[in-house]
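Visitor: This one is query_31.cif, mmCIF, C-alpha atoms.
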```
data_target
loop_
_atom_site.label_atom_id
_atom_site.label_comp_id
_atom_site.auth_asym_id
_atom_site.auth_seq_id
_atom_site.Cartn_x
_atom_site.Cartn_y
_atom_site.Cartn_z
CA MET A 1 0.00 0.00 0.00
CA SER A 2 1.59 3.29 -1.08
CA ALA A 3 2.10 6.04 1.44
CA SER A 4 0.42 9.40 1.07
CA PRO A 5 2.49 12.18 -0.51
CA PRO A 6 4.55 14.23 1.97
CA GLY A 7 2.45 16.85 3.72
CA THR A 8 -0.81 15.16 2.72
CA ALA A 9 -3.06 13.52 5.32
CA ALA A 10 -4.36 10.05 4.60
CA PRO A 11 -7.97 10.12 3.38
CA PRO A 12 -10.44 9.25 6.14
CA SER A 13 -12.34 6.02 5.86
CA HIS A 14 -15.84 6.46 4.48
CA PRO A 15 -18.86 4.89 6.18
CA LEU A 16 -19.80 3.24 2.90
CA ASP A 17 -16.46 1.41 2.83
CA THR A 18 -17.30 -0.54 5.96
CA VAL A 19 -19.04 -3.88 5.71
CA PRO A 20 -22.19 -4.06 7.87
CA SER A 21 -21.76 -6.44 10.78
CA PRO A 22 -24.19 -9.34 11.27
CA ARG A 23 -25.66 -7.39 14.19
CA TRP A 24 -26.55 -4.45 11.96
CA ARG A 25 -27.87 -6.72 9.20
CA TRP A 26 -30.15 -8.40 11.75
CA ARG A 27 -31.24 -5.00 13.05
CA ASN A 28 -32.09 -3.67 9.59
CA ALA A 29 -34.00 -6.85 8.70
CA ALA A 30 -36.03 -6.38 11.89
CA LEU A 31 -36.82 -2.79 10.91
CA TYR A 32 -37.97 -3.71 7.40
CA SER A 33 -40.07 -6.59 8.75
CA THR A 34 -41.66 -4.38 11.38
CA ALA A 35 -42.61 -1.77 8.77
CA ALA A 36 -44.08 -4.49 6.55
CA TRP A 37 -46.12 -5.89 9.43
CA SER A 38 -47.41 -2.44 10.39
CA GLY A 39 -48.65 -1.96 6.82
CA PHE A 40 -50.30 -5.39 6.96
CA PHE A 41 -51.95 -4.52 10.28
CA VAL A 42 -53.39 -1.22 9.04
CA MET A 43 -54.97 -2.69 5.91
CA GLY A 44 -56.29 -5.72 7.76
CA VAL A 45 -58.02 -3.58 10.39
CA GLU A 46 -59.32 -1.13 7.80
CA LEU A 47 -60.92 -3.80 5.63
CA LEU A 48 -62.40 -5.59 8.61
CA GLY A 49 -63.61 -2.24 9.91
CA GLY A 50 -65.82 -1.94 6.85
CA ARG A 51 -67.37 -5.31 7.69
CA LEU A 52 -67.96 -4.23 11.28
CA LEU A 53 -69.66 -0.98 10.25
CA ALA A 54 -71.87 -2.58 7.59
CA PRO A 55 -74.62 -4.02 9.87
CA TYR A 56 -75.17 -0.59 11.43
CA PHE A 57 -74.48 1.92 8.63
CA GLY A 58 -74.55 -0.15 5.45
CA SER A 59 -71.72 -0.74 3.01
CA SER A 60 -72.33 2.12 0.59
CA ILE A 61 -69.62 4.28 -0.91
CA PHE A 62 -70.39 6.87 1.76
CA VAL A 63 -69.43 4.48 4.54
CA TRP A 64 -66.27 3.33 2.80
CA GLY A 65 -65.39 6.94 2.02
CA ALA A 66 -65.75 7.85 5.70
CA LEU A 67 -63.66 4.85 6.77
CA ILE A 68 -60.86 5.55 4.28
CA ALA A 69 -60.82 9.24 5.22
CA VAL A 70 -60.40 8.37 8.90
CA PHE A 71 -57.57 5.94 8.22
CA MET A 72 -55.74 8.29 5.86
CA THR A 73 -56.05 11.21 8.26
CA ALA A 74 -54.88 9.12 11.21
CA LEU A 75 -51.91 7.82 9.21
CA ALA A 76 -50.97 11.37 8.21
CA VAL A 77 -51.01 12.45 11.85
CA GLY A 78 -48.98 9.37 12.76
CA TYR A 79 -46.35 10.15 10.11
CA LEU A 80 -45.98 13.66 11.50
CA ILE A 81 -45.72 12.58 15.15
CA GLY A 82 -43.45 9.64 14.33
CA GLY A 83 -41.05 11.90 12.49
CA GLN A 84 -40.83 14.24 15.46
CA LEU A 85 -40.51 11.38 17.94
CA SER A 86 -37.64 9.87 15.95
CA LEU A 87 -35.49 12.89 16.83
CA ARG A 88 -35.49 11.92 20.51
CA SER A 89 -32.97 9.10 20.95
CA PRO A 90 -34.76 6.50 18.79
CA SER A 91 -34.23 2.84 19.65
CA LEU A 92 -35.61 -0.59 18.87
CA ARG A 93 -37.27 -0.51 22.27
CA GLY A 94 -39.10 2.68 21.31
CA LEU A 95 -40.22 1.07 18.05
CA GLY A 96 -41.47 -1.93 19.99
CA LEU A 97 -43.51 0.31 22.26
CA LEU A 98 -45.24 1.81 19.21
CA LEU A 99 -46.36 -1.64 18.11
CA ILE A 100 -47.56 -2.51 21.60
CA ALA A 101 -49.52 0.74 21.67
CA GLU A 102 -51.19 0.06 18.31
CA ALA A 103 -52.16 -3.39 19.56
CA LEU A 104 -53.62 -2.22 22.87
CA LEU A 105 -55.47 0.69 21.30
CA ALA A 106 -57.17 -1.71 18.86
CA LEU A 107 -58.67 -3.73 21.72
CA PRO A 108 -61.69 -1.38 22.14
CA VAL A 109 -62.77 -2.39 18.64
CA ILE A 110 -63.34 -5.89 20.01
CA LEU A 111 -64.57 -4.93 23.46
CA PHE A 112 -66.86 -2.00 22.72
CA GLY A 113 -67.24 -1.78 18.94
CA ASP A 114 -70.72 -3.27 18.61
CA ALA A 115 -72.13 -1.18 21.45
CA VAL A 116 -70.64 2.06 20.07
CA PHE A 117 -71.75 1.37 16.50
CA ASP A 118 -75.26 0.45 17.63
CA ALA A 119 -75.63 3.58 19.74
CA LEU A 120 -74.35 5.87 17.00
CA SER A 121 -76.54 4.29 14.34
CA PHE A 122 -79.60 5.32 16.39
CA ALA A 123 -78.24 8.71 17.45
CA ILE A 124 -77.17 9.83 13.96
CA GLU A 125 -79.60 9.06 11.15
CA ASP A 126 -77.31 10.02 8.28
CA PRO A 127 -75.01 7.03 7.70
CA ARG A 128 -72.32 9.30 6.29
CA TYR A 129 -71.75 11.14 9.53
CA GLY A 130 -72.62 8.22 11.76
CA SER A 131 -69.99 6.02 10.11
CA LEU A 132 -67.47 8.88 10.09
CA LEU A 133 -67.84 9.40 13.84
CA ALA A 134 -67.89 5.67 14.57
CA ALA A 135 -64.73 5.06 12.56
CA SER A 136 -63.02 8.04 14.19
CA LEU A 137 -63.79 6.79 17.70
CA MET A 138 -62.81 3.17 17.12
CA PHE A 139 -59.98 3.25 14.57
CA SER A 140 -58.16 6.59 14.82
CA ALA A 141 -55.96 5.86 17.84
CA PRO A 142 -54.40 2.56 16.72
CA THR A 143 -53.94 3.89 13.19
CA VAL A 144 -52.06 6.96 14.43
CA PHE A 145 -49.55 4.69 16.17
CA SER A 146 -49.31 2.51 13.07
CA GLY A 147 -48.45 5.61 11.07
CA MET A 148 -45.69 6.47 13.54
CA VAL A 149 -43.86 3.21 12.87
CA SER A 150 -42.41 3.92 9.41
CA PRO A 151 -40.87 7.38 9.98
CA TYR A 152 -39.51 6.21 13.33
CA ALA A 153 -37.98 3.12 11.71
CA VAL A 154 -36.48 5.22 8.91
CA ARG A 155 -34.48 7.20 11.46
CA LEU A 156 -33.10 3.97 12.89
CA LEU A 157 -32.05 2.83 9.41
CA ILE A 158 -30.17 5.95 8.37
CA ASP A 159 -26.43 5.72 9.06
CA ASN A 160 -25.27 8.05 6.28
CA VAL A 161 -26.94 11.14 4.84
CA GLU A 162 -25.97 10.16 1.30
CA ARG A 163 -27.98 6.93 1.61
CA SER A 164 -30.95 8.33 3.53
CA GLY A 165 -33.19 8.43 0.45
CA GLN A 166 -32.34 4.84 -0.42
CA SER A 167 -33.03 3.65 3.13
CA ALA A 168 -36.35 5.50 3.29
CA GLY A 169 -37.38 4.17 -0.12
CA ARG A 170 -36.65 0.59 0.86
CA LEU A 171 -38.52 0.88 4.12
CA TYR A 172 -41.61 2.44 2.55
CA PHE A 173 -41.42 -0.24 -0.13
CA ALA A 174 -41.57 -2.87 2.62
CA SER A 175 -44.41 -1.06 4.36
CA THR A 176 -46.49 -0.72 1.20
CA LEU A 177 -45.80 -4.31 0.19
CA GLY A 178 -47.00 -5.35 3.63
CA SER A 179 -50.18 -3.34 3.06
CA ALA A 180 -50.77 -5.15 -0.23
CA GLY A 181 -50.19 -8.49 1.48
CA GLY A 182 -52.61 -7.55 4.25
CA THR A 183 -55.25 -6.58 1.69
CA ILE A 184 -54.99 -9.80 -0.29
CA LEU A 185 -54.65 -12.18 2.64
CA THR A 186 -57.47 -10.59 4.63
CA THR A 187 -60.01 -10.33 1.81
CA PHE A 188 -59.17 -13.52 -0.09
CA TYR A 189 -58.51 -15.95 2.73
CA LEU A 190 -58.83 -14.88 6.35
CA VAL A 191 -62.46 -13.74 6.15
CA LEU A 192 -63.36 -17.12 4.68
CA LEU A 193 -61.71 -19.05 7.49
CA PHE A 194 -62.30 -17.04 10.67
CA GLU A 195 -64.77 -14.74 12.40
CA ILE A 196 -63.99 -11.04 12.03
CA ASN A 197 -63.29 -10.57 15.74
CA THR A 198 -61.00 -13.60 15.70
CA ILE A 199 -58.95 -12.08 12.87
CA ILE A 200 -58.66 -8.75 14.66
CA ILE A 201 -57.60 -10.49 17.87
CA GLY A 202 -54.96 -12.33 15.86
CA LEU A 203 -53.66 -9.07 14.38
CA ILE A 204 -53.54 -7.50 17.83
CA ALA A 205 -51.71 -10.50 19.28
CA ILE A 206 -49.07 -10.48 16.53
CA SER A 207 -48.44 -6.73 16.88
CA PHE A 208 -48.12 -7.09 20.64
CA ALA A 209 -45.75 -10.06 20.28
CA ILE A 210 -43.51 -8.24 17.76
CA GLY A 211 -43.47 -5.14 19.95
CA ALA A 212 -42.58 -7.14 23.06
CA TRP A 213 -39.81 -8.94 21.15
CA LEU A 214 -38.32 -5.65 19.97
CA CYS A 215 -38.43 -4.30 23.51
CA MET A 216 -36.63 -7.35 24.88
CA THR A 217 -33.98 -7.63 22.18
CA GLY A 218 -33.46 -3.99 21.29
CA ARG A 219 -30.54 -2.92 23.43
CA ASP A 220 -29.72 0.19 21.44
CA ARG A 221 -30.54 3.53 23.02
CA HIS A 222 -29.56 5.68 20.09
CA ALA A 223 -29.73 5.55 16.31
CA ARG A 224 -26.68 4.46 14.35
#
```
What would you get if you wrote out this structure as structure tokens?

Guide:
Amino acid sequence: MSASPPGTAAPPSHPLDTVPSPRWRWRNAALYSTAAWSGFFVMGVELLGGRLLAPYFGSSIFVWGALIAVFMTALAVGYLIGGQLSLRSPSLRGLGLLLIAEALLALPVILFGDAVFDALSFAIEDPRYGSLLAASLMFSAPTVFSGMVSPYAVRLLIDNVERSGQSAGRLYFASTLGSAGGTILTTFYLVLLFEINTIIIGLIAISFAIGAWLCMTGRDRHAR
């Protein structure tokens, strides 16, 4: 290896020249998988939410429009909060807590959903506004936390500014692919095999399990 010319400092090593350790490869795989699952969870709950609202408000385009509007608004709020939260010492443990929160906040859908939908269907005659309020009460909170997952995970992925766009693109690819998988699997298969509440309980259980696993195994306190 030739020495640097006299009076010239040796060029510093570049982060891209380093080979990721197995620990970091495992960590990144966990982040991509978590984002994919969060996308799966959101679409599964949204599609099943339409089935839960139907007996009380119908299944017209108005009801689906209200449901989609609630989910999109909640996700937008989650993206904003997740981005801000990622600036405060992000860690795998913090990401795990977001998944646990989305799971716990979806429990009222199972516990109180029918009672809330029934009461609102009598209190509000117009199914447009009745379904909008019902969806807001039951689905907004868990969806906000689902939306926080991707921007928070992006911050954990970024180890070099020059590759930040690539890392974000890959993670949102995983999240969107998970959403597509959740749409297909829920509508084509799960609803044919299980009761709606059983499917939602399964989604909640998986989110909680992934979140607990991240909390137990995520030793990092700061981003890379």

Visitor: Can you tell me how far atom CA of A:Pro142 sits from atom CA of A:Val109, in Å to one decimal?

Guide: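 Atom-to-atom, atom CA of A:Pro142 and atom CA of A:Val109 are spaced 9.9 Å apart.
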
Visitor: Report, in Å with one decimal, the straight-line distance from atom CA of A:Val63 to atom CA of A:Ala115.

Guide: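 Taking atom CA of A:Val63 as the start and atom CA of A:Ala115 as the end point, the length is 18.0 Å.
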
Visitor: Quick one: of A:Ser140, A:Thr187, A:Ser33, A:Ser91, who's nearest to A:Thr217, counting all atoms listed in the file?

Guide: A:Ser91

Visitor: When the PyMOL selection byres ((chain A and resi 93) around 6) is applied to the structure above, which residues does it catch, written out as JSON, numbers by chain?

Guide: {"A": [91, 92, 94, 95, 96, 214, 215, 218]}

Visitor: What gap, in Å, lies between atom CA of A:Tyr79 and atom CA of A:Pro151?

Guide: 6.1 Å

Visitor: With distances taken over all atoms listed in the file, which of A:Ala35, A:Trp24, A:Phe194, A:Leu137 is nearest to A:Leu171?

Guide: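 Using all atoms listed in the file, the shortest distance to A:Leu171 belongs to A:Ala35.
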
Visitor: Pick from A:Thr73, A:Thr198, A:Ser59, A:Thr183: nearest to A:Ser131, with only C-alpha atoms counted?

Guide: A:Ser59

Visitor: Running the PyMOL selection byres ((chain A and resi 149) around 12) on this model by hand, what would come out? Give it as an MDAnalysis selection string.

Guide: chainID A and resid 31:39 41:42 75:86 90:92 94:102 142:148 150:156 171:172 175 207 211

Visitor: Supply stretch 74-86 of chain A as an mmCIF file, in the frame of the given file, with N, CA and C atoms built in where the input has gaps.

Guide:
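In the end it all went to part-v4.cif:
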```cif
data_model
loop_
_atom_site.group_PDB
_atom_site.id
_atom_site.type_symbol
_atom_site.label_atom_id
_atom_site.label_comp_id
_atom_site.auth_asym_id
_atom_site.auth_seq_id
_atom_site.Cartn_x
_atom_site.Cartn_y
_atom_site.Cartn_z
ATOM 1 N N ALA A 74 -55.613 9.637 10.046
ATOM 2 C CA ALA A 74 -54.880 9.120 11.210
ATOM 3 C C ALA A 74 -53.449 8.751 10.833
ATOM 4 N N LEU A 75 -53.261 8.151 9.664
ATOM 5 C CA LEU A 75 -51.910 7.820 9.210
ATOM 6 C C LEU A 75 -51.071 9.090 9.007
ATOM 7 N N ALA A 76 -51.690 10.116 8.428
ATOM 8 C CA ALA A 76 -50.970 11.370 8.210
ATOM 9 C C ALA A 76 -50.505 11.965 9.533
ATOM 10 N N VAL A 77 -51.383 11.946 10.530
ATOM 11 C CA VAL A 77 -51.010 12.450 11.850
ATOM 12 C C VAL A 77 -49.892 11.589 12.445
ATOM 13 N N GLY A 78 -50.002 10.273 12.257
ATOM 14 C CA GLY A 78 -48.980 9.370 12.760
ATOM 15 C C GLY A 78 -47.631 9.611 12.115
ATOM 16 N N TYR A 79 -47.606 9.853 10.792
ATOM 17 C CA TYR A 79 -46.350 10.150 10.110
ATOM 18 C C TYR A 79 -45.687 11.386 10.719
ATOM 19 N N LEU A 80 -46.504 12.400 10.969
ATOM 20 C CA LEU A 80 -45.980 13.660 11.500
ATOM 21 C C LEU A 80 -45.411 13.460 12.905
ATOM 22 N N ILE A 81 -46.170 12.793 13.765
ATOM 23 C CA ILE A 81 -45.720 12.580 15.150
ATOM 24 C C ILE A 81 -44.512 11.637 15.178
ATOM 25 N N GLY A 82 -44.558 10.583 14.353
ATOM 26 C CA GLY A 82 -43.450 9.640 14.330
ATOM 27 C C GLY A 82 -42.149 10.276 13.893
ATOM 28 N N GLY A 83 -42.244 11.197 12.931
ATOM 29 C CA GLY A 83 -41.050 11.900 12.490
ATOM 30 C C GLY A 83 -40.455 12.754 13.598
ATOM 31 N N GLN A 84 -41.316 13.426 14.348
ATOM 32 C CA GLN A 84 -40.830 14.240 15.460
ATOM 33 C C GLN A 84 -40.268 13.375 16.582
ATOM 34 N N LEU A 85 -40.954 12.270 16.860
ATOM 35 C CA LEU A 85 -40.510 11.380 17.940
ATOM 36 C C LEU A 85 -39.166 10.739 17.618
ATOM 37 N N SER A 86 -38.889 10.535 16.342
ATOM 38 C CA SER A 86 -37.640 9.870 15.950
ATOM 39 C C SER A 86 -36.408 10.722 16.245
#
```
